[in-house]
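Asks: Take this structure, written in structure tokens, and hold onto it; I'll ask about it next.
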Amino acid sequence: MNIINSIKTSMLVPIHPAGMPFIAIFTIFSLIIGWLWTPLFFLGLVLTTWCIYFFRNPNRVTPIYSGTNKNNLIIAPADGRVIEISKVTPSEEIGLPSGDWTRVCIFMNVFDVHVNRSPMKGQITYKKYIPGIFLNASLDKASDNNERLILGMNTENGNQIAFVQIAGLVARRIICDVDTGSKLKSGQVFGLIRFGSRVDVYFPSNVSILVLKGQKMIAGETIIGDFTKSRKSVREEVNER
């Protein structure tokens, strides 16, 4: 019932432009097979409805400020579940300085919204597309082996972050609508990945992490990190409770 209710709700939300050609193709396909044999029309209708559901782009309310008049919050760039939170030394291809960084990985299944949103306000300073294979995006090695597109950002608060669109087992098309020099607002749509995929976010290791592994993310709304609090200060707050 939850899926049915979600489909009903999705009919009332905007659709990402990249989905329009697919919706048109599915609609025409449904009419053709329905003309050949009426029962097949209902199969085509189900597929068309699912296509509309997949490319939905719901409005989101993005939290902006924390502690100061600058944007210090890191917002989830994708719907889905957190499958990994780790401290890593990014490979050279990520475009970040050497050292320890936090990486949060969000996996999107075929029922999640696949529109991707900017984690922070800032300017894109780095963009790199890397061809690869199409392993299950939930696997750790997908970060290094799958087709992916990397974006580096200088944030409004003077820091660097990076976020990576990673194609999955079914996803075969990464769409990114921004380039080097583009300025993004926090929560602004910048692209999507078709049919199951993953987004990794890299940020400084001393920034507090406000999500847990397995937690459900809402792109443009869920706060995954806060520059105004160090990881130490968060632990101190927990110990005081």
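Residues in the structure tokens are named by chain (A, B, ... in the order shown) and by number from 1 within that chain; ligands are numbered from 1 in the order shown.
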Mind checking DSSP for segment 1-238 of chain A and telling me the helix (DSSP H, G or I) residues as a PyMOL selection string?
Replies: chain A and resi 2-10+17-36+38-54+92-94+142-145+231-238
Asks: Tell me which protein, DNA and RNA residues are within 12 Å of Ala18 of chain A, counting only C-alpha atoms, leaving out same-chain ones fewer than 3 positions away, and put them as a PyMOL selection string.
Replies: chain A and resi 14-15+21-24+51-52+54-57+114-115+173-177+190-194
Asks: Would you give me, as a ChimeraX atom specification, the residues in segment 28-173 of chain A that DSSP reads as strand (DSSP E)?
Replies: /A:73-75,80-88,101-108,115-117,122-130,148-155,160-167
Asks: May I have the residues within 7 Å of segment 221-228 of chain A as a PDB file with N, CA and C atoms, in the first residue's frame, using only C-alpha atoms and disregarding those fewer than 5 positions away in the same chain?
Replies:
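Now in part12.pdb:
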ATOM      1  N   ARG A  60      11.355  20.313  -2.152  1.00  0.00           N
ATOM      2  CA  ARG A  60      11.975  20.068  -0.855  1.00  0.00           C
ATOM      3  C   ARG A  60      12.245  21.403  -0.153  1.00  0.00           C
ATOM      4  N   VAL A  61      12.190  21.391   1.169  1.00  0.00           N
ATOM      5  CA  VAL A  61      12.497  22.576   1.980  1.00  0.00           C
ATOM      6  C   VAL A  61      13.864  22.347   2.617  1.00  0.00           C
ATOM      7  N   THR A  62      14.857  23.106   2.181  1.00  0.00           N
ATOM      8  CA  THR A  62      16.247  22.874   2.593  1.00  0.00           C
ATOM      9  C   THR A  62      16.631  23.743   3.784  1.00  0.00           C
ATOM     10  N   PRO A  63      17.080  23.125   4.892  1.00  0.00           N
ATOM     11  CA  PRO A  63      17.608  23.920   6.007  1.00  0.00           C
ATOM     12  C   PRO A  63      18.910  24.592   5.581  1.00  0.00           C
ATOM     13  N   SER A  66      23.258  27.438  10.332  1.00  0.00           N
ATOM     14  CA  SER A  66      23.546  26.798  11.608  1.00  0.00           C
ATOM     15  C   SER A  66      24.587  27.621  12.352  1.00  0.00           C
ATOM     16  N   GLY A  67      24.157  28.326  13.354  1.00  0.00           N
ATOM     17  CA  GLY A  67      25.102  29.029  14.221  1.00  0.00           C
ATOM     18  C   GLY A  67      25.525  30.405  13.746  1.00  0.00           C
ATOM     19  N   ASN A  72      26.428  26.476   6.839  1.00  0.00           N
ATOM     20  CA  ASN A  72      27.411  25.548   7.404  1.00  0.00           C
ATOM     21  C   ASN A  72      26.898  24.114   7.469  1.00  0.00           C
ATOM     22  N   LEU A  73      25.721  23.869   6.912  1.00  0.00           N
ATOM     23  CA  LEU A  73      25.144  22.539   6.971  1.00  0.00           C
ATOM     24  C   LEU A  73      25.416  21.777   5.683  1.00  0.00           C
ATOM     25  N   ILE A  74      25.743  20.495   5.831  1.00  0.00           N
ATOM     26  CA  ILE A  74      25.902  19.604   4.676  1.00  0.00           C
ATOM     27  C   ILE A  74      24.601  18.820   4.549  1.00  0.00           C
ATOM     28  N   ILE A  75      23.960  18.955   3.401  1.00  0.00           N
ATOM     29  CA  ILE A  75      22.643  18.369   3.182  1.00  0.00           C
ATOM     30  C   ILE A  75      22.752  17.135   2.283  1.00  0.00           C
ATOM     31  N   ALA A  76      21.927  16.152   2.535  1.00  0.00           N
ATOM     32  CA  ALA A  76      21.943  14.929   1.721  1.00  0.00           C
ATOM     33  C   ALA A  76      21.706  15.262   0.251  1.00  0.00           C
ATOM     34  N   VAL A 207      34.468  17.612  10.862  1.00  0.00           N
ATOM     35  CA  VAL A 207      33.084  18.088  10.841  1.00  0.00           C
ATOM     36  C   VAL A 207      32.170  17.047  11.488  1.00  0.00           C
ATOM     37  N   SER A 208      31.236  17.509  12.301  1.00  0.00           N
ATOM     38  CA  SER A 208      30.337  16.585  12.983  1.00  0.00           C
ATOM     39  C   SER A 208      29.455  15.839  11.989  1.00  0.00           C
ATOM     40  N   ILE A 209      29.241  14.551  12.241  1.00  0.00           N
ATOM     41  CA  ILE A 209      28.375  13.711  11.408  1.00  0.00           C
ATOM     42  C   ILE A 209      27.052  13.538  12.133  1.00  0.00           C
ATOM     43  N   LEU A 210      25.958  13.864  11.469  1.00  0.00           N
ATOM     44  CA  LEU A 210      24.650  13.867  12.121  1.00  0.00           C
ATOM     45  C   LEU A 210      23.723  12.767  11.606  1.00  0.00           C
ATOM     46  N   VAL A 211      24.280  11.766  10.919  1.00  0.00           N
ATOM     47  CA  VAL A 211      23.476  10.639  10.447  1.00  0.00           C
ATOM     48  C   VAL A 211      24.143   9.339  10.858  1.00  0.00           C
TER      49      VAL A 211
END
Asks: So, counting only C-alpha atoms, which residue among A:Val46, A:Ala162, A:Val113, A:Met20 is closest to Pro204 of chain A?
Replies: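 When distances to Pro204 of chain A are compared using only C-alpha atoms, the smallest one comes from A:Ala162.
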Asks: Kindly give the distance, in Å, that separates atom CA of Pro17 of chain A and atom CA of Leu151 of chain A, rounded to a single decimal.
Replies: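 Straight-line distance from atom CA of Pro17 of chain A to atom CA of Leu151 of chain A works out to 21.4 Å.
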Asks: Using only C-alpha atoms, which of A:Val201, A:Leu96, A:Val110, A:Ile124 sits nearest Trp50 of chain A?
Replies: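 Selected residue with least distance to Trp50 of chain A: A:Val110.
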